[in-house]
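Asks: Pasting upload00.txt below, which is compact mmCIF, C-alpha atoms.
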```txt
# COMPACT_ATOMS: atom_id res chain seq x y z
CA MET A 1 0.90 -53.44 -44.96
CA VAL A 2 -2.26 -54.81 -46.55
CA VAL A 3 -4.91 -56.67 -44.56
CA ILE A 4 -7.21 -59.06 -46.47
CA LEU A 5 -10.43 -59.96 -44.70
CA ARG A 6 -12.13 -63.34 -44.87
CA ASN A 7 -15.10 -63.92 -47.16
CA GLY A 8 -18.33 -62.73 -45.62
CA SER A 9 -16.72 -59.94 -43.61
CA GLY A 10 -18.70 -56.75 -43.26
CA GLU A 11 -18.71 -53.39 -41.53
CA GLU A 12 -18.24 -54.89 -38.06
CA GLU A 13 -15.04 -56.66 -39.13
CA ILE A 14 -13.77 -53.56 -40.89
CA LYS A 15 -14.35 -51.60 -37.69
CA LYS A 16 -12.16 -54.03 -35.72
CA VAL A 17 -9.26 -53.44 -38.10
CA GLU A 18 -9.81 -49.68 -37.96
CA VAL A 19 -9.80 -49.67 -34.15
CA LEU A 20 -6.56 -51.66 -34.01
CA SER A 21 -4.94 -49.44 -36.63
CA SER A 22 -5.94 -46.30 -34.77
CA SER A 23 -4.49 -47.66 -31.51
CA LEU A 24 -1.17 -48.12 -33.33
CA GLY A 25 -1.22 -44.61 -34.78
CA LEU A 26 -2.02 -45.86 -38.30
CA ASN A 27 -4.78 -45.07 -40.79
CA CYS A 28 -6.89 -47.32 -43.02
CA HIS A 29 -7.75 -47.19 -46.69
CA ILE A 30 -10.58 -49.61 -47.53
CA SER A 31 -11.08 -51.24 -50.92
CA LYS A 32 -14.17 -53.42 -51.39
CA GLY A 33 -13.79 -55.82 -54.29
CA ALA A 34 -16.27 -58.27 -55.74
CA GLU A 35 -14.99 -61.07 -53.48
CA LYS A 36 -12.60 -59.58 -50.94
CA ILE A 37 -12.30 -56.58 -48.68
CA VAL A 38 -8.74 -55.27 -48.70
CA ILE A 39 -7.59 -52.71 -46.14
CA GLY A 40 -4.42 -50.75 -46.66
CA ILE A 41 -2.70 -49.82 -43.40
CA ILE A 42 -1.25 -46.38 -43.97
CA GLY A 43 1.57 -44.85 -41.96
CA ASP A 44 4.96 -45.90 -40.66
CA ASP A 45 4.29 -49.58 -39.98
CA ARG A 46 7.93 -50.69 -39.97
CA TYR A 47 7.83 -51.49 -36.27
CA THR A 48 4.29 -52.88 -36.23
CA SER A 49 4.00 -56.62 -35.72
CA VAL A 50 2.06 -58.37 -38.48
CA GLU A 51 0.80 -60.79 -35.83
CA ARG A 52 -1.28 -58.01 -34.22
CA PHE A 53 -3.55 -58.00 -37.27
CA GLU A 54 -3.33 -61.73 -37.96
CA ALA A 55 -4.73 -62.34 -34.46
CA LEU A 56 -8.09 -60.88 -35.55
CA GLU A 57 -10.46 -63.70 -36.52
CA CYS A 58 -11.79 -61.76 -39.50
CA VAL A 59 -8.33 -61.48 -41.09
CA GLU A 60 -7.41 -64.01 -43.75
CA GLN A 61 -3.97 -62.68 -44.70
CA VAL A 62 -1.59 -59.84 -43.97
CA VAL A 63 0.90 -58.75 -46.63
CA ARG A 64 3.69 -56.34 -45.79
CA VAL A 65 4.20 -53.92 -48.68
CA LEU A 66 7.90 -53.23 -49.02
CA LYS A 67 7.55 -50.54 -51.68
CA PRO A 68 7.34 -46.91 -50.50
CA PHE A 69 4.08 -46.49 -52.44
CA LYS A 70 1.21 -48.47 -50.91
CA LEU A 71 -2.18 -47.41 -52.26
CA VAL A 72 -1.12 -47.55 -55.92
CA SER A 73 0.74 -50.86 -55.60
CA ARG A 74 -0.17 -54.26 -56.99
CA GLU A 75 -0.18 -55.64 -53.46
CA PHE A 76 -3.11 -53.40 -52.56
CA HIS A 77 -5.00 -53.80 -55.86
CA GLY A 78 -4.54 -57.15 -57.53
CA GLU A 79 -6.70 -56.30 -60.54
CA ASP A 80 -6.21 -53.46 -63.00
CA LEU A 81 -8.09 -50.26 -62.21
CA ASN A 82 -10.13 -48.28 -64.72
CA VAL A 83 -10.67 -44.54 -64.74
CA GLU A 84 -14.16 -43.48 -65.76
CA VAL A 85 -14.58 -40.09 -67.42
CA GLY A 86 -18.30 -39.87 -67.95
CA ASP A 87 -19.11 -42.67 -70.37
CA VAL A 88 -15.46 -43.09 -71.41
CA SER A 89 -13.40 -45.78 -69.68
CA ILE A 90 -9.61 -45.66 -69.60
CA GLY A 91 -8.02 -49.04 -68.94
CA ASN A 92 -9.80 -52.40 -69.00
CA GLY A 93 -7.74 -53.65 -71.95
CA LYS A 94 -8.84 -50.86 -74.27
CA PHE A 95 -6.55 -48.45 -76.10
CA VAL A 96 -7.57 -44.81 -75.72
CA VAL A 97 -6.54 -42.01 -78.06
CA MET A 98 -6.58 -38.48 -76.63
CA ALA A 99 -5.78 -35.86 -79.24
CA GLY A 100 -5.85 -32.15 -79.95
CA PRO A 101 -3.65 -29.09 -80.31
CA CYS A 102 -0.87 -28.22 -77.91
CA ALA A 103 -2.60 -24.90 -77.22
CA VAL A 104 -6.03 -23.43 -77.86
CA GLU A 105 -5.27 -20.51 -80.18
CA ASP A 106 -8.69 -19.20 -81.20
CA ARG A 107 -12.28 -20.33 -81.63
CA SER A 108 -12.06 -21.34 -85.30
CA MET A 109 -8.96 -23.50 -84.78
CA ILE A 110 -10.31 -25.45 -81.80
CA GLU A 111 -13.71 -25.84 -83.49
CA GLU A 112 -12.05 -27.18 -86.63
CA SER A 113 -9.95 -29.57 -84.55
CA ALA A 114 -12.90 -30.82 -82.50
CA ALA A 115 -15.02 -31.38 -85.63
CA PHE A 116 -12.29 -33.45 -87.29
CA LEU A 117 -11.35 -35.46 -84.21
CA SER A 118 -14.99 -36.19 -83.43
CA GLU A 119 -15.46 -37.46 -86.98
CA MET A 120 -12.47 -39.75 -86.41
CA GLY A 121 -14.15 -41.16 -83.30
CA VAL A 122 -12.00 -39.38 -80.71
CA ARG A 123 -13.85 -38.91 -77.42
CA ILE A 124 -11.30 -36.89 -75.40
CA ILE A 125 -9.82 -33.70 -76.80
CA ARG A 126 -6.68 -32.16 -75.34
CA GLY A 127 -5.73 -28.51 -75.51
CA GLY A 128 -3.66 -26.15 -73.41
CA ALA A 129 -5.16 -22.95 -72.01
CA PHE A 130 -2.44 -22.06 -69.50
CA LYS A 131 0.92 -22.93 -71.06
CA PRO A 132 4.11 -23.30 -68.97
CA ARG A 133 6.72 -22.25 -71.53
CA THR A 134 10.49 -22.33 -71.15
CA SER A 135 10.82 -18.88 -72.70
CA PRO A 136 8.87 -15.89 -71.35
CA TYR A 137 8.53 -14.70 -74.98
CA SER A 138 6.67 -17.84 -76.13
CA PHE A 139 2.89 -18.02 -76.42
CA GLN A 140 1.52 -18.54 -72.91
CA GLY A 141 -2.00 -19.59 -73.88
CA LEU A 142 -5.35 -17.80 -73.76
CA GLY A 143 -5.99 -18.56 -70.09
CA ARG A 144 -9.62 -18.88 -69.01
CA LYS A 145 -10.79 -17.84 -72.47
CA GLY A 146 -8.96 -20.84 -73.88
CA LEU A 147 -10.65 -23.11 -71.34
CA GLU A 148 -14.06 -21.77 -72.34
CA LEU A 149 -13.37 -22.26 -76.05
CA LEU A 150 -12.17 -25.82 -75.42
CA ARG A 151 -15.26 -26.58 -73.33
CA GLU A 152 -17.60 -25.13 -75.97
CA ALA A 153 -16.01 -27.14 -78.78
CA ALA A 154 -16.01 -30.36 -76.75
CA ASP A 155 -19.65 -29.96 -75.73
CA ARG A 156 -20.71 -29.29 -79.30
CA TYR A 157 -19.25 -32.61 -80.44
CA GLY A 158 -19.97 -34.68 -77.33
CA MET A 159 -16.34 -34.92 -76.21
CA LYS A 160 -14.49 -34.87 -72.88
CA THR A 161 -11.56 -32.55 -72.23
CA VAL A 162 -8.10 -32.77 -70.69
CA THR A 163 -5.97 -29.73 -69.97
CA GLU A 164 -3.07 -28.85 -67.70
CA VAL A 165 -3.14 -27.23 -64.28
CA ILE A 166 0.08 -25.22 -64.09
CA GLY A 167 -0.39 -23.80 -60.60
CA GLU A 168 -2.75 -23.35 -57.70
CA THR A 169 -3.95 -19.99 -59.06
CA THR A 170 -5.33 -21.72 -62.17
CA LEU A 171 -6.82 -24.74 -60.39
CA GLU A 172 -10.30 -23.36 -59.77
CA ALA A 173 -10.76 -22.33 -63.39
CA VAL A 174 -9.42 -25.58 -64.85
CA SER A 175 -11.34 -27.84 -62.45
CA SER A 176 -14.60 -26.04 -63.22
CA LEU A 177 -14.28 -26.44 -66.98
CA SER A 178 -12.17 -29.55 -67.67
CA ASP A 179 -13.09 -33.21 -67.27
CA ILE A 180 -9.52 -34.43 -66.66
CA LEU A 181 -6.93 -32.37 -64.77
CA GLN A 182 -3.40 -32.81 -66.11
CA ILE A 183 -0.27 -32.48 -63.99
CA GLY A 184 2.56 -31.71 -66.39
CA ALA A 185 6.18 -32.81 -66.26
CA ARG A 186 7.34 -29.59 -64.63
CA ASN A 187 4.95 -30.14 -61.70
CA ALA A 188 5.39 -33.90 -61.37
CA GLN A 189 6.85 -33.43 -57.88
CA ASN A 190 5.01 -30.26 -56.88
CA PHE A 191 3.33 -32.12 -54.04
CA GLN A 192 1.37 -29.17 -52.73
CA LEU A 193 -0.25 -28.67 -56.15
CA ILE A 194 -0.76 -32.41 -56.60
CA GLN A 195 -2.62 -32.65 -53.29
CA ARG A 196 -4.83 -29.69 -54.20
CA VAL A 197 -5.63 -31.25 -57.58
CA ALA A 198 -6.42 -34.59 -55.92
CA SER A 199 -8.93 -32.92 -53.60
CA CYS A 200 -11.02 -31.74 -56.57
CA GLY A 201 -12.25 -35.30 -57.01
CA LYS A 202 -11.80 -35.30 -60.79
CA PRO A 203 -9.68 -37.75 -62.81
CA VAL A 204 -6.01 -36.76 -62.83
CA LEU A 205 -3.59 -37.31 -65.71
CA LEU A 206 -0.16 -37.42 -64.05
CA LYS A 207 2.81 -37.02 -66.36
CA ARG A 208 6.24 -38.32 -65.47
CA GLY A 209 8.80 -35.61 -64.84
CA PHE A 210 11.61 -35.59 -67.37
CA MET A 211 14.14 -36.31 -64.58
CA ASN A 212 11.94 -38.67 -62.51
CA THR A 213 12.38 -42.37 -61.90
CA VAL A 214 9.47 -44.80 -62.15
CA GLU A 215 9.36 -44.98 -58.35
CA GLU A 216 9.17 -41.19 -58.09
CA LEU A 217 6.27 -41.15 -60.55
CA LEU A 218 4.40 -43.74 -58.49
CA LEU A 219 5.11 -41.83 -55.28
CA SER A 220 3.57 -38.73 -56.86
CA ALA A 221 0.54 -40.88 -57.70
CA GLU A 222 0.52 -42.04 -54.09
CA TYR A 223 -0.09 -38.44 -52.99
CA ILE A 224 -3.23 -38.36 -55.14
CA ALA A 225 -4.44 -41.72 -53.82
CA TYR A 226 -3.69 -40.71 -50.23
CA GLY A 227 -5.92 -37.69 -50.80
CA GLY A 228 -8.78 -40.09 -51.49
CA ASN A 229 -8.71 -39.91 -55.29
CA MET A 230 -7.93 -43.17 -57.12
CA SER A 231 -8.94 -41.85 -60.56
CA ILE A 232 -5.33 -41.59 -61.70
CA ILE A 233 -4.00 -41.95 -65.24
CA LEU A 234 -0.21 -42.21 -65.45
CA CYS A 235 1.62 -40.87 -68.49
CA GLU A 236 5.10 -41.70 -69.78
CA ARG A 237 6.12 -38.63 -71.79
CA GLY A 238 9.84 -39.14 -72.24
CA ILE A 239 12.79 -38.47 -69.98
CA ARG A 240 15.90 -36.37 -70.43
CA THR A 241 19.03 -38.26 -71.51
CA PHE A 242 22.23 -37.34 -73.33
CA GLU A 243 20.53 -37.95 -76.70
CA THR A 244 20.03 -34.73 -78.67
CA SER A 245 18.33 -35.93 -81.86
CA THR A 246 14.96 -36.06 -80.07
CA ARG A 247 13.36 -33.67 -77.61
CA ASN A 248 13.32 -36.38 -74.92
CA THR A 249 13.81 -40.16 -74.85
CA LEU A 250 10.67 -42.31 -74.71
CA ASP A 251 11.25 -44.81 -71.89
CA ILE A 252 9.23 -47.60 -73.46
CA SER A 253 10.40 -50.09 -70.81
CA ALA A 254 8.72 -47.99 -68.10
CA ILE A 255 5.27 -48.95 -69.37
CA PRO A 256 5.40 -52.72 -68.68
CA LEU A 257 7.49 -52.06 -65.58
CA ILE A 258 4.76 -49.82 -64.15
CA LYS A 259 2.12 -52.36 -65.17
CA MET A 260 3.94 -54.94 -63.04
CA GLN A 261 4.08 -52.66 -60.00
CA SER A 262 0.81 -50.75 -60.18
CA PRO A 263 -2.79 -51.37 -61.31
CA LEU A 264 -3.24 -47.80 -62.53
CA PRO A 265 -3.82 -47.24 -66.25
CA ILE A 266 -0.83 -45.78 -68.08
CA ILE A 267 -0.74 -43.96 -71.40
CA ALA A 268 2.18 -42.40 -73.27
CA ASP A 269 2.79 -39.11 -75.05
CA PRO A 270 4.85 -39.68 -78.22
CA SER A 271 4.62 -35.99 -79.17
CA HIS A 272 6.58 -34.69 -76.18
CA ALA A 273 8.75 -37.80 -76.02
CA SER A 274 10.17 -37.22 -79.50
CA GLY A 275 9.47 -33.61 -80.41
CA ARG A 276 9.29 -34.84 -84.02
CA ARG A 277 6.14 -35.54 -86.00
CA ASP A 278 7.92 -38.13 -88.17
CA LEU A 279 8.46 -40.34 -85.11
CA ILE A 280 4.97 -40.15 -83.62
CA ILE A 281 3.44 -42.97 -85.68
CA PRO A 282 6.21 -45.55 -85.12
CA LEU A 283 6.39 -44.65 -81.42
CA SER A 284 2.61 -44.99 -81.10
CA ARG A 285 2.81 -48.47 -82.63
CA ALA A 286 5.42 -49.41 -80.03
CA ILE A 287 3.33 -47.92 -77.21
CA LEU A 288 0.34 -50.02 -78.25
CA ALA A 289 2.45 -53.16 -78.64
CA VAL A 290 4.07 -52.86 -75.21
CA GLY A 291 0.70 -52.83 -73.42
CA ALA A 292 -0.09 -49.17 -72.69
CA ASP A 293 -3.69 -48.09 -72.20
CA GLY A 294 -3.53 -45.29 -74.74
CA ILE A 295 -1.73 -42.26 -76.11
CA GLU A 296 -2.02 -38.49 -75.85
CA VAL A 297 -0.97 -36.95 -79.15
CA GLU A 298 -0.82 -33.40 -80.50
CA VAL A 299 -2.89 -32.66 -83.63
CA HIS A 300 -3.25 -29.27 -85.34
CA PRO A 301 -5.09 -28.23 -88.53
CA ARG A 302 -1.96 -26.47 -89.80
CA PRO A 303 1.12 -27.36 -87.70
CA GLU A 304 3.37 -25.06 -89.70
CA SER A 305 1.46 -22.06 -88.31
CA ALA A 306 0.91 -23.42 -84.77
CA LEU A 307 1.79 -21.02 -81.94
CA SER A 308 3.15 -23.89 -79.81
CA ASP A 309 5.02 -27.16 -80.53
CA SER A 310 4.63 -26.98 -84.31
CA LYS A 311 7.39 -29.55 -84.96
CA GLN A 312 5.69 -32.28 -82.93
CA SER A 313 2.10 -31.82 -84.05
CA LEU A 314 0.43 -34.06 -86.64
CA ASN A 315 -1.76 -32.55 -89.33
CA PHE A 316 -5.14 -34.10 -90.07
CA ARG A 317 -3.87 -36.33 -92.87
CA GLU A 318 -1.05 -37.66 -90.68
CA PHE A 319 -3.47 -38.32 -87.82
CA GLU A 320 -5.70 -40.33 -90.14
CA LYS A 321 -2.67 -42.44 -91.05
CA LEU A 322 -1.87 -42.91 -87.36
CA MET A 323 -5.38 -44.20 -86.68
CA ARG A 324 -5.25 -46.59 -89.64
CA GLU A 325 -1.98 -48.05 -88.43
CA LEU A 326 -3.20 -48.43 -84.84
CA LYS A 327 -6.35 -50.18 -86.05
CA SER A 328 -4.27 -52.60 -88.10
CA LEU A 329 -2.36 -53.60 -84.95
CA VAL A 330 -5.41 -54.19 -82.82
CA SER A 331 -6.50 -57.83 -82.69
CA ALA A 332 -7.43 -59.12 -79.24
CA ARG A 333 -7.45 -55.61 -77.81
CA GLU A 334 -10.34 -53.22 -78.31
CA LEU A 335 -9.54 -49.87 -79.85
CA VAL A 336 -11.50 -47.03 -78.28
CA LEU A 337 -11.08 -43.79 -80.17
CA THR A 338 -10.98 -41.48 -77.20
```
Would you mind writing the structure in this file as structure tokens?
Replies:
Amino acid sequence: MVVILRNGSGEEEIKKVEVLSSSLGLNCHISKGAEKIVIGIIGDDRYTSVERFEALECVEQVVRVLKPFKLVSREFHGEDLNVEVGDVSIGNGKFVVMAGPCAVEDRSMIEESAAFLSEMGVRIIRGGAFKPRTSPYSFQGLGRKGLELLREAADRYGMKTVTEVIGETTLEAVSSLSDILQIGARNAQNFQLIQRVASCGKPVLLKRGFMNTVEELLLSAEYIAYGGNMSIILCERGIRTFETSTRNTLDISAIPLIKMQSPLPIIADPSHASGRRDLIIPLSRAILAVGADGIEVEVHPRPESALSDSKQSLNFREFEKLMRELKSLVSARELVLT
């Protein structure tokens, strides 16, 4: 349930709610807004009487949250949340573009990519260092060396980085060198890893698993929030259906649906959703139109020679076209090239 305190309430009133919650075997998660203090009551409150909290003079309203996710629900946060990555803000009505190669292959390639993307105004560069590949014979990434090359290129051009954490053994390296920690589709319900990533205190980009429902995605986000980290960026990256003409199926309806249920910013990944570079631009237009907070797209200097995901990577000329088309669609919304 969610407890909303009356205007003018302070630490003493918060303490009263905390004491009552503790006596009932429940925990509190406190959110201080500009006008209201909202306290999420965490735990199994199915048999807890709402009247126990309503009896406190400092309580204005008690709302029972019926959804299994509490901290990332609209009931707990009425207004949209932003995720701050240094001086880059994700959410707040802006449309963010994260771009870069699927994998860091060598210094010259990532430097060339960073130089181009920076010139285009991109503020967040993506690039895989540890690559979870379906085949053991596919390129697995450069590991820590790839992280260092990505960091060097980003720093040279004043950019932020996002890269995937594929397991607990790679977490220390990724968290020390990347600005945003990505949980990929394969680990979308690896709750032990998710909790470890949450504890790092850095922004988390959580991708939807290709067999996950919207509720399951939000419950994975709940693990991050429960760990005390609300800097969560959700990502719709396509789900597995019976369609075979695309790599996955972009669930475009999930974006407004999640917006209705959660205040967290949500972006989409048209590269993994389609697996086809010729669909990335039209899908990105749809993602913008439906109200997403941005996209994460794969860009490579020479996709035909890419060591990973060559068929779904845009070349520089195609990326320039993508940005022109996105700009032409932006009217009331502010386009932030990040």
Asks: Of the candidates A:Gly100, A:Lys259, A:Ala268, A:Gly40, which one gets nearest to A:Met120 if we count all atoms listed in the file?
Replies: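 So, comparing all the options, the nearest one is A:Gly100.
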Asks: Which neighbours of stretch 222-237 of chain A fall inside 9 Å, counting only C-alpha atoms, when residues of the same chain fewer than 2 positions from it are skipped, and could you give them as a JSON list (two decimals) with C-alpha atoms, in the coordinates of the input?
Replies:
```json
[["chain", "number", "residue", "atom", "x", "y", "z"],
["A", 29, "HIS", "CA", -7.75, -47.19, -46.69],
["A", 42, "ILE", "CA", -1.25, -46.38, -43.97],
["A", 69, "PHE", "CA", 4.08, -46.49, -52.44],
["A", 70, "LYS", "CA", 1.21, -48.47, -50.91],
["A", 71, "LEU", "CA", -2.18, -47.41, -52.26],
["A", 72, "VAL", "CA", -1.12, -47.55, -55.92],
["A", 73, "SER", "CA", 0.74, -50.86, -55.60],
["A", 81, "LEU", "CA", -8.09, -50.26, -62.21],
["A", 82, "ASN", "CA", -10.13, -48.28, -64.72],
["A", 83, "VAL", "CA", -10.67, -44.54, -64.74],
["A", 84, "GLU", "CA", -14.16, -43.48, -65.76],
["A", 90, "ILE", "CA", -9.61, -45.66, -69.60],
["A", 91, "GLY", "CA", -8.02, -49.04, -68.94],
["A", 185, "ALA", "CA", 6.18, -32.81, -66.26],
["A", 191, "PHE", "CA", 3.33, -32.12, -54.04],
["A", 194, "ILE", "CA", -0.76, -32.41, -56.60],
["A", 195, "GLN", "CA", -2.62, -32.65, -53.29],
["A", 196, "ARG", "CA", -4.83, -29.69, -54.20],
["A", 197, "VAL", "CA", -5.63, -31.25, -57.58],
["A", 198, "ALA", "CA", -6.42, -34.59, -55.92],
["A", 199, "SER", "CA", -8.93, -32.92, -53.60],
["A", 200, "CYS", "CA", -11.02, -31.74, -56.57],
["A", 201, "GLY", "CA", -12.25, -35.30, -57.01],
["A", 202, "LYS", "CA", -11.80, -35.30, -60.79],
["A", 203, "PRO", "CA", -9.68, -37.75, -62.81],
["A", 204, "VAL", "CA", -6.01, -36.76, -62.83],
["A", 205, "LEU", "CA", -3.59, -37.31, -65.71],
["A", 206, "LEU", "CA", -0.16, -37.42, -64.05],
["A", 207, "LYS", "CA", 2.81, -37.02, -66.36],
["A", 208, "ARG", "CA", 6.24, -38.32, -65.47],
["A", 209, "GLY", "CA", 8.80, -35.61, -64.84],
["A", 210, "PHE", "CA", 11.61, -35.59, -67.37],
["A", 217, "LEU", "CA", 6.27, -41.15, -60.55],
["A", 218, "LEU", "CA", 4.40, -43.74, -58.49],
["A", 219, "LEU", "CA", 5.11, -41.83, -55.28],
["A", 220, "SER", "CA", 3.57, -38.73, -56.86],
["A", 239, "ILE", "CA", 12.79, -38.47, -69.98],
["A", 248, "ASN", "CA", 13.32, -36.38, -74.92],
["A", 249, "THR", "CA", 13.81, -40.16, -74.85],
["A", 250, "LEU", "CA", 10.67, -42.31, -74.71],
["A", 251, "ASP", "CA", 11.25, -44.81, -71.89],
["A", 252, "ILE", "CA", 9.23, -47.60, -73.46],
["A", 254, "ALA", "CA", 8.72, -47.99, -68.10],
["A", 255, "ILE", "CA", 5.27, -48.95, -69.37],
["A", 264, "LEU", "CA", -3.24, -47.80, -62.53],
["A", 265, "PRO", "CA", -3.82, -47.24, -66.25],
["A", 266, "ILE", "CA", -0.83, -45.78, -68.08],
["A", 267, "ILE", "CA", -0.74, -43.96, -71.40],
["A", 268, "ALA", "CA", 2.18, -42.40, -73.27],
["A", 269, "ASP", "CA", 2.79, -39.11, -75.05],
["A", 270, "PRO", "CA", 4.85, -39.68, -78.22],
["A", 271, "SER", "CA", 4.62, -35.99, -79.17],
["A", 272, "HIS", "CA", 6.58, -34.69, -76.18],
["A", 273, "ALA", "CA", 8.75, -37.80, -76.02],
["A", 274, "SER", "CA", 10.17, -37.22, -79.50],
["A", 295, "ILE", "CA", -1.73, -42.26, -76.11],
["A", 296, "GLU", "CA", -2.02, -38.49, -75.85]]
```
Asks: Name the residues within 10 Å of (4.3, -46.7, -81.8), counting all atoms listed in the file in the file's coordinates, and put them as a VMD selection string.
Replies: chain A and resid 252 268 270 279 to 290 295 322 325 to 326
Asks: Grab the residues selected above and save them as a PDB file, in the frame of the given file with C-alpha atoms.
Replies:
```pdb
ATOM      1  CA  ILE A 252       9.230 -47.600 -73.460  1.00  0.00           C
ATOM      2  CA  ALA A 268       2.180 -42.400 -73.270  1.00  0.00           C
ATOM      3  CA  PRO A 270       4.850 -39.680 -78.220  1.00  0.00           C
ATOM      4  CA  LEU A 279       8.460 -40.340 -85.110  1.00  0.00           C
ATOM      5  CA  ILE A 280       4.970 -40.150 -83.620  1.00  0.00           C
ATOM      6  CA  ILE A 281       3.440 -42.970 -85.680  1.00  0.00           C
ATOM      7  CA  PRO A 282       6.210 -45.550 -85.120  1.00  0.00           C
ATOM      8  CA  LEU A 283       6.390 -44.650 -81.420  1.00  0.00           C
ATOM      9  CA  SER A 284       2.610 -44.990 -81.100  1.00  0.00           C
ATOM     10  CA  ARG A 285       2.810 -48.470 -82.630  1.00  0.00           C
ATOM     11  CA  ALA A 286       5.420 -49.410 -80.030  1.00  0.00           C
ATOM     12  CA  ILE A 287       3.330 -47.920 -77.210  1.00  0.00           C
ATOM     13  CA  LEU A 288       0.340 -50.020 -78.250  1.00  0.00           C
ATOM     14  CA  ALA A 289       2.450 -53.160 -78.640  1.00  0.00           C
ATOM     15  CA  VAL A 290       4.070 -52.860 -75.210  1.00  0.00           C
ATOM     16  CA  ILE A 295      -1.730 -42.260 -76.110  1.00  0.00           C
ATOM     17  CA  LEU A 322      -1.870 -42.910 -87.360  1.00  0.00           C
ATOM     18  CA  GLU A 325      -1.980 -48.050 -88.430  1.00  0.00           C
ATOM     19  CA  LEU A 326      -3.200 -48.430 -84.840  1.00  0.00           C
TER      20      LEU A 326
END
```
Asks: Restricting the calculation to all atoms listed in the file: of A:Val165, A:Ala221, A:Cys102, A:Leu5, which residue gets closest to A:Pro263?
Replies: A:Ala221
Asks: As a list of chain:residue names, please: the residues near stretch 318-320 of chain A (cut-off 8 Å, only C-alpha atoms, same-chain neighbours under 4 positions excluded).
Replies: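 Everything that qualifies: A:Met120, A:Val299, A:Leu314, A:Arg324.
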Asks: Excluding same-chain residues fewer than 6 positions from A:Phe76, what lies within 10 Å of it counting only C-alpha atoms, as a list in words?
Replies: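 Contacts, in chain order: Met1, Val2, Val3, Ile4, His29, Ile30, Ser31, Val38, Ile39, Gly40, Ile41, Val63, Val65, Phe69, Lys70, Ser262 and Pro263 of chain A.
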Asks: Out of A:Gly25, A:Pro132, A:Gly127, A:Gly78, which residue has the shortest atom-to-atom distance to A:Gly167 when counting all atoms listed in the file?
Replies: A:Pro132
Asks: Name the residues in contact with A:Gly294 at a cut-off of 6 Å, using only C-alpha atoms, excluding same-chain residues fewer than 6 positions from it; report them as a VMD selection string.
Replies: chain A and resid 95 to 97 267
Asks: Keeping only C-alpha atoms, write those residues as a PDB file, in the coordinates of the input.
Replies:
```
ATOM      1  CA  PHE A  95      -6.550 -48.450 -76.100  1.00  0.00           C
ATOM      2  CA  VAL A  96      -7.570 -44.810 -75.720  1.00  0.00           C
ATOM      3  CA  VAL A  97      -6.540 -42.010 -78.060  1.00  0.00           C
ATOM      4  CA  ILE A 267      -0.740 -43.960 -71.400  1.00  0.00           C
TER       5      ILE A 267
END
```
Asks: To one decimal in Å, tell me the separation between atom CA of A:Leu24 and atom CA of A:Gly43.
Replies: 9.6 Å
